[in-house]
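**Student:** File work.cif follows (mmCIF, C-alpha atoms):
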```cif
data_query
loop_
_atom_site.label_atom_id
_atom_site.label_comp_id
_atom_site.auth_asym_id
_atom_site.auth_seq_id
_atom_site.Cartn_x
_atom_site.Cartn_y
_atom_site.Cartn_z
CA MET A 20 0.00 0.00 0.00
CA GLU A 21 2.80 2.44 0.88
CA ARG A 22 4.60 1.69 -2.38
CA ASN A 23 1.38 2.32 -4.34
CA GLN A 24 0.92 5.65 -2.55
CA THR A 25 4.52 6.57 -3.37
CA SER A 26 4.01 5.68 -7.03
CA LEU A 27 0.79 7.72 -7.13
CA ALA A 28 2.48 10.75 -5.57
CA TYR A 29 5.37 10.47 -8.04
CA ARG A 30 2.98 10.32 -11.00
CA SER A 31 0.98 13.29 -9.70
CA LEU A 32 4.13 15.38 -9.28
CA SER A 33 5.37 14.38 -12.74
CA ILE A 34 2.05 15.36 -14.35
CA LEU A 35 2.07 18.67 -12.48
CA LEU A 36 5.59 19.51 -13.63
CA LEU A 37 4.74 18.49 -17.21
CA CYS A 38 1.70 20.79 -17.20
CA ALA A 39 3.86 23.61 -15.86
CA VAL A 40 6.40 23.15 -18.64
CA VAL A 41 3.75 22.91 -21.37
CA PHE A 42 1.33 25.64 -20.33
CA THR A 43 3.69 28.26 -18.92
CA PRO A 44 4.73 29.53 -22.39
CA LEU A 45 1.07 29.78 -23.36
CA GLY A 46 0.32 31.88 -20.29
CA LEU A 47 3.29 34.10 -20.94
CA ASN A 48 2.26 34.73 -24.55
CA THR A 49 -1.32 35.49 -23.57
CA ASN A 50 -0.30 38.00 -20.94
CA SER A 51 2.23 39.57 -23.29
CA TRP A 52 -0.42 40.20 -25.93
CA ALA A 53 -2.73 41.63 -23.29
CA TYR A 54 -0.07 44.04 -22.12
CA GLN A 55 0.80 45.03 -25.67
CA GLU A 56 -2.83 45.88 -26.39
CA LYS A 57 -3.04 47.85 -23.14
CA ALA A 58 0.11 49.78 -24.05
CA ALA A 59 -1.17 50.45 -27.58
CA ALA A 60 -4.50 51.86 -26.38
CA PRO A 61 -3.13 55.23 -25.13
CA ALA A 62 -1.19 55.65 -28.35
CA ALA A 63 -4.38 55.29 -30.35
CA GLY A 64 -6.06 57.87 -28.16
CA GLU A 65 -3.37 60.46 -28.60
CA ALA A 66 -4.56 61.64 -32.02
CA PRO A 67 -7.98 62.90 -30.88
CA ALA A 68 -6.34 64.55 -27.88
CA ALA A 69 -3.89 66.33 -30.13
CA ALA A 70 -6.56 67.30 -32.64
CA GLU A 71 -8.80 68.96 -30.11
CA PRO A 72 -6.63 72.05 -29.49
CA ALA A 73 -6.41 72.76 -33.22
CA ALA A 74 -10.16 72.61 -33.59
CA THR A 75 -10.79 74.83 -30.62
CA GLU A 76 -8.10 77.43 -31.23
CA ALA A 77 -10.42 79.88 -32.98
CA PRO A 78 -13.13 79.94 -30.32
CA ALA A 79 -10.51 80.23 -27.64
CA ALA A 80 -8.87 83.16 -29.40
CA ALA A 81 -12.20 84.78 -30.18
CA GLU A 82 -13.54 84.62 -26.67
CA PRO A 83 -10.63 84.40 -24.26
CA ALA A 84 -12.55 85.79 -21.35
CA ALA A 85 -15.61 83.69 -21.85
CA GLY A 86 -13.59 80.53 -22.38
CA GLU A 87 -12.03 80.59 -18.96
CA ALA A 88 -14.98 79.06 -17.15
CA PRO A 89 -15.44 76.20 -19.63
CA ALA A 90 -11.68 75.57 -19.49
CA ALA A 91 -12.02 74.89 -15.81
CA ALA A 92 -14.90 72.49 -16.39
CA PRO A 93 -12.83 69.70 -17.93
CA ALA A 94 -10.45 69.90 -15.00
CA ALA A 95 -13.35 69.51 -12.64
CA GLY A 96 -14.65 66.68 -14.77
CA GLY A 97 -11.21 65.03 -14.72
CA ASP A 98 -11.12 65.22 -10.95
CA GLY A 99 -14.53 63.62 -10.81
CA ALA A 100 -13.34 60.78 -13.03
CA GLY A 101 -10.25 60.31 -10.90
CA ASN A 102 -12.33 60.24 -7.72
CA ALA A 103 -14.66 57.72 -9.31
CA ALA A 104 -11.75 55.52 -10.39
CA ALA A 105 -10.08 55.63 -6.99
CA PRO A 106 -12.93 53.89 -5.10
CA ALA A 107 -13.17 51.34 -7.90
CA ALA A 108 -9.49 50.48 -7.51
CA ALA A 109 -9.72 50.53 -3.74
CA SER A 110 -12.74 48.20 -3.77
CA GLU A 111 -10.61 45.26 -4.98
CA SER A 112 -9.67 43.04 -2.07
CA PHE A 113 -6.13 42.01 -1.34
CA LEU A 114 -6.91 38.36 -2.12
CA SER A 115 -8.40 39.12 -5.53
CA TRP A 116 -5.46 41.41 -6.30
CA MET A 117 -3.01 38.66 -5.38
CA ILE A 118 -4.84 36.08 -7.52
CA ARG A 119 -5.01 38.44 -10.51
CA ALA A 120 -1.35 39.43 -10.21
CA SER A 121 -0.06 35.89 -9.65
CA GLY A 122 -1.68 34.52 -12.78
CA PHE A 123 -0.55 31.15 -14.07
CA PHE A 124 2.48 31.04 -11.77
CA GLY A 125 0.19 31.34 -8.76
CA LEU A 126 -1.92 28.43 -10.02
CA ILE A 127 1.15 26.19 -10.30
CA LEU A 128 2.32 27.16 -6.82
CA LEU A 129 -1.18 26.57 -5.43
CA LEU A 130 -1.19 23.02 -6.83
CA LEU A 131 2.28 22.46 -5.42
CA SER A 132 1.09 23.63 -2.01
CA PHE A 133 -1.77 21.10 -2.06
CA LEU A 134 0.65 18.34 -3.03
CA MET A 135 3.06 19.46 -0.32
CA VAL A 136 0.38 19.27 2.38
CA ALA A 137 -0.68 15.80 1.18
CA LEU A 138 2.91 14.54 1.26
CA ILE A 139 3.53 16.00 4.71
CA MET A 140 0.40 14.42 6.16
CA ALA A 141 1.13 11.04 4.54
CA ASN A 142 4.70 10.97 5.86
CA VAL A 143 3.78 12.22 9.34
CA LEU A 144 1.14 9.47 9.66
CA SER A 145 3.40 6.71 8.34
CA ILE A 146 6.68 7.60 10.07
CA ARG A 147 5.58 6.92 13.62
CA ARG A 148 7.04 4.66 16.29
CA ASP A 149 3.80 2.68 16.63
CA ASN A 150 3.83 1.94 12.90
CA LEU A 151 7.51 1.13 12.55
CA MET A 152 8.04 -0.60 15.94
CA PRO A 153 4.70 -1.84 17.33
CA PRO A 154 5.17 -2.57 21.07
CA ASP A 155 2.68 -5.46 20.97
CA LEU A 156 4.58 -7.16 18.16
CA ILE A 157 7.92 -6.78 19.90
CA GLY A 158 6.51 -8.16 23.16
CA ALA A 159 4.85 -11.14 21.47
CA PHE A 160 7.98 -11.88 19.44
CA GLU A 161 10.15 -11.84 22.56
CA GLU A 162 7.76 -14.21 24.36
CA LYS A 163 7.92 -16.73 21.52
CA ILE A 164 11.71 -16.49 21.42
CA ASN A 165 11.91 -17.05 25.19
CA SER A 166 9.62 -20.08 24.88
CA LYS A 167 11.78 -21.34 21.97
CA ASP A 168 8.85 -21.20 19.58
CA TYR A 169 11.05 -20.08 16.70
CA GLN A 170 8.60 -21.08 13.98
CA GLY A 171 5.84 -19.14 15.68
CA ALA A 172 8.15 -16.13 16.02
CA TYR A 173 8.97 -16.28 12.33
CA GLU A 174 5.31 -16.54 11.33
CA LEU A 175 4.44 -13.64 13.63
CA ALA A 176 7.12 -11.43 12.09
CA LYS A 177 6.23 -12.54 8.56
CA SER A 178 2.55 -11.72 9.00
CA ASP A 179 3.23 -8.14 10.12
CA ASP A 180 4.03 -5.27 7.72
CA SER A 181 6.01 -3.03 10.08
CA PHE A 182 9.66 -2.03 9.73
CA VAL A 183 10.94 -4.09 12.67
CA ALA A 184 8.87 -7.14 11.64
CA ARG A 185 10.45 -7.22 8.19
CA VAL A 186 13.91 -6.95 9.69
CA LEU A 187 13.26 -9.75 12.19
CA ALA A 188 11.70 -11.98 9.54
CA ALA A 189 14.75 -11.53 7.33
CA GLY A 190 17.06 -12.42 10.21
CA LEU A 191 15.15 -15.57 11.16
CA SER A 192 14.97 -16.73 7.54
CA LYS A 193 18.78 -16.69 7.33
CA LEU A 194 19.44 -18.01 10.83
CA ASN A 195 20.01 -21.59 9.64
CA GLN A 196 22.97 -20.32 7.58
CA GLY A 197 24.64 -18.72 10.56
CA TYR A 198 24.37 -15.76 12.87
CA SER A 199 26.52 -13.45 10.74
CA GLU A 200 24.38 -14.17 7.66
CA ALA A 201 21.26 -13.42 9.67
CA ILE A 202 22.67 -10.08 10.84
CA GLU A 203 23.72 -9.23 7.28
CA ALA A 204 20.23 -10.01 5.97
CA MET A 205 18.71 -7.81 8.67
CA GLN A 206 21.00 -4.94 7.74
CA GLU A 207 20.12 -5.25 4.06
CA VAL A 208 16.39 -5.15 4.77
CA GLY A 209 16.89 -2.23 7.15
CA GLU A 210 18.79 -0.25 4.54
CA ASP A 211 16.14 -1.02 1.93
CA GLU A 212 13.33 0.15 4.20
CA ASN A 213 15.27 3.26 5.17
CA MET A 214 15.86 4.09 1.51
CA ALA A 215 12.16 3.61 0.74
CA MET A 216 11.14 6.09 3.45
CA GLU A 217 13.74 8.63 2.35
CA HIS A 218 12.57 8.21 -1.23
CA LYS A 219 9.08 9.32 -0.20
CA LEU A 220 10.57 12.28 1.62
CA SER A 221 12.57 13.32 -1.44
CA TYR A 222 9.38 14.66 -3.05
CA LEU A 223 9.18 17.27 -0.31
CA ALA A 224 12.76 18.29 -1.04
CA LEU A 225 11.91 18.53 -4.74
CA ILE A 226 8.97 20.83 -4.01
CA GLY A 227 11.18 22.92 -1.76
CA VAL A 228 13.69 23.35 -4.61
CA ILE A 229 11.39 24.04 -7.56
CA SER A 230 8.93 26.37 -5.78
CA PRO A 231 11.41 29.27 -5.45
CA MET A 232 12.45 28.69 -9.06
CA ILE A 233 8.85 29.08 -10.23
CA GLY A 234 8.53 32.19 -8.08
CA LEU A 235 11.76 33.53 -9.59
CA MET A 236 10.38 32.89 -13.06
CA GLY A 237 7.31 34.93 -12.15
CA THR A 238 9.56 37.66 -10.79
CA VAL A 239 11.52 37.90 -14.03
CA TYR A 240 8.33 37.84 -16.07
CA GLY A 241 6.75 40.63 -13.99
CA MET A 242 9.82 42.83 -14.40
CA ILE A 243 9.78 42.18 -18.16
CA LEU A 244 6.18 43.39 -18.27
CA SER A 245 7.08 46.56 -16.38
CA PHE A 246 10.00 47.35 -18.69
CA GLN A 247 7.80 46.59 -21.68
CA THR A 248 5.34 49.21 -20.46
CA ILE A 249 8.17 51.72 -20.08
CA ALA A 250 9.48 50.98 -23.57
CA ALA A 251 6.04 51.26 -25.20
CA SER A 252 5.21 54.60 -23.55
CA ALA A 253 6.23 57.81 -25.31
CA THR A 254 6.32 59.65 -21.99
CA SER A 255 7.17 58.62 -18.48
CA PRO A 256 4.56 55.98 -17.49
CA LYS A 257 2.41 56.40 -14.44
CA PRO A 258 3.10 54.20 -11.39
CA SER A 259 -0.29 52.56 -11.86
CA GLU A 260 0.78 51.36 -15.28
CA LEU A 261 3.86 49.65 -13.80
CA ALA A 262 2.01 48.22 -10.81
CA ASP A 263 0.75 45.12 -12.63
CA GLY A 264 4.20 43.86 -13.57
CA ILE A 265 5.74 44.73 -10.21
CA SER A 266 2.89 43.09 -8.30
CA THR A 267 3.32 39.92 -10.41
CA ALA A 268 7.03 39.89 -9.58
CA LEU A 269 6.53 40.36 -5.84
CA PHE A 270 3.54 38.05 -5.36
CA THR A 271 5.11 35.13 -7.23
CA THR A 272 8.28 35.48 -5.19
CA LEU A 273 6.28 35.52 -1.96
CA GLU A 274 4.19 32.52 -2.96
CA GLY A 275 7.23 30.52 -4.04
CA LEU A 276 8.94 31.09 -0.71
CA THR A 277 5.70 30.37 1.17
CA VAL A 278 5.58 26.91 -0.41
CA ALA A 279 9.32 26.19 -0.25
CA ILE A 280 10.01 27.09 3.38
CA PRO A 281 7.51 24.66 5.01
CA ALA A 282 8.52 21.93 2.55
CA MET A 283 12.19 22.18 3.53
CA ILE A 284 11.39 22.42 7.24
CA PHE A 285 9.23 19.28 7.25
CA TYR A 286 11.72 17.46 5.02
CA SER A 287 14.51 18.06 7.52
CA LEU A 288 12.36 17.11 10.52
CA LEU A 289 11.00 13.94 8.94
CA ARG A 290 14.40 12.89 7.65
CA ASN A 291 15.83 13.16 11.15
CA ARG A 292 12.92 11.11 12.44
CA VAL A 293 13.57 8.41 9.83
CA ALA A 294 17.24 8.26 10.81
CA ARG A 295 16.39 8.00 14.52
CA PHE A 296 13.76 5.30 14.05
CA SER A 297 16.02 3.30 11.73
CA LEU A 298 18.69 3.30 14.43
CA GLU A 299 16.16 2.18 17.05
CA VAL A 300 14.91 -0.65 14.82
CA GLY A 301 18.48 -1.86 14.35
CA MET A 302 19.16 -1.82 18.07
CA ILE A 303 15.92 -3.64 18.95
CA SER A 304 16.31 -6.31 16.27
CA GLU A 305 19.93 -7.02 17.17
CA SER A 306 19.08 -7.27 20.88
CA LEU A 307 16.37 -9.81 20.09
CA MET A 308 18.65 -11.82 17.84
CA ASN A 309 21.71 -11.74 20.11
CA ARG A 310 20.53 -14.81 22.01
CA PHE A 311 21.14 -16.87 18.88
CA SER A 312 24.78 -15.84 18.64
CA SER A 313 25.94 -18.62 20.98
CA ASN A 314 23.58 -21.25 19.57
CA THR A 315 24.53 -20.96 15.90
CA LYS A 316 27.74 -21.39 14.02
CA SER A 317 28.90 -18.47 11.98
#
```
Would you mind writing the structure in this file as C-alpha cells?
**Tutor:**
Amino acid sequence: MERNQTSLAYRSLSILLLCAVVFTPLGLNTNSWAYQEKAAAPAAGEAPAAAEPAATEAPAAAEPAAGEAPAAAPAAGGDGAGNAAAPAAASESFLSWMIRASGFFGLILLLLSFLMVALIMANVLSIRRDNLMPPDLIGAFEEKINSKDYQGAYELAKSDDSFVARVLAAGLSKLNQGYSEAIEAMQEVGEDENMAMEHKLSYLALIGVISPMIGLMGTVYGMILSFQTIAASATSPKPSELADGISTALFTTLEGLTVAIPAMIFYSLLRNRVARFSLEVGMISESLMNRFSSNTKS
C-alpha cells in the first residue's frame, strides 16, 4: 500500500511539472499580448487629444474671457473621473489582487502547495514509532523467542508489515545459515526500508527546490512586463501602469517562498525522524537476535 501511494504521488508530481512546462509559455504569450494591447491603447487615443486644441483654437482666441470658465470644467470633470476611479481600484480586495497578479504562476504554486500538504500528512502518519516498531509485536515476538517457539516467532514477524517485523523476519529466515548471515540479511532489509522512506521524503525536497524557481520565473516575467510598459510609452509611465508587472514579480516570489520554506522544514524534521527510528529498529532487532549468537555457528 505504501509503495502504491509513493508511485501515485510520483505520478501526480510528474504530471504537475509536465503541465507547468507545457502551459507556462502559453500563459506568458497570452499576458504579453494583453499588455501590448493595453500599451497600444493610449497611443491610439493620442490623435484625438492632439486634434482637439487645433479645432478649438479659434473659439478660444475669439472669446478668451468667456472661455475661462469652460476651461475649468474639464479639469473639474477630470477630478470627478479620478475620484470615481479611486474607489473602484480601492474596492478590490487584497486576495483578488493577489490572484489576478499571480496569474498562471500562482496556479502552479497553489497546486504544489496542495501536493506538499498531502505529502507532509502522509509521511507524518506513516513515520511513527507505533507503525515502525509496534510494542505489541515486539513483546509477542520476545515471548515466543523465550519459549523457543522459533517457527511461531517467524510466522508472527512474517505476517506483520512493520519495519521491525520485516527486519526480524529476514534475520530468522537466514538463521540456519549462521548468525553473521542473519545479521547481514537484517542490515540489508533495514537499509532497503530506510531508503524507501527517504525516497518518499525526497518529493518534499523537490517541491522545496522548484517552488522558489517558479517564483523567480514569475519575478523575471513581472519585471519584463514593467519594462515593456516603459518601452512602449512615449512619456514617463504612471506608477499605476507599472504596478501590474511589479505586483506579479513580488507576489510570485512571496508565494514561491511560502511553499518552499515549510517543505524544507518538514523534510529536515521527517528525515531526522527516519534516521532515529532506523537506528532504534536496528538496536531492537539485534538485541532480540543476540541470544542466537551462541547457539549458531557463523
**Student:** Can you give me, as JSON, numbers by chain, the residues this file yields under the PyMOL selection byres ((chain A and resi 207) around 12)?
**Tutor:** {"A": [185, 186, 187, 189, 190, 193, 200, 201, 202, 203, 204, 205, 206, 208, 209, 210, 211, 212, 213, 214, 301]}
**Student:** Show me, as JSON, numbers by chain, the residues that have an atom within 8 Å of segment 215-231 of chain A when counting all atoms listed in the file, minus same-chain residues fewer than 4 positions from it.
**Tutor:** {"A": [25, 29, 128, 131, 135, 138, 139, 142, 211, 235, 272, 275, 276, 278, 279, 280, 281, 282, 283, 285, 286, 289, 290, 293]}
**Student:** Atom CA of Ser259 of chain A and atom CA of Leu129 of chain A, how far apart in Å?
**Tutor:**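 These atoms are spaced 26.8 Å apart.
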**Student:** For atom CA of Ser121 of chain A and atom CA of Tyr240 of chain A, quote the distance in Å rounded to one decimal.
**Tutor:**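 Result for atom CA of Ser121 of chain A versus atom CA of Tyr240 of chain A: 10.7 Å, one decimal.
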**Student:** Quick one, how far is atom CA of Phe182 of chain A from atom CA of Val300 of chain A?
**Tutor:**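 Those two atoms sit 7.4 Å apart.
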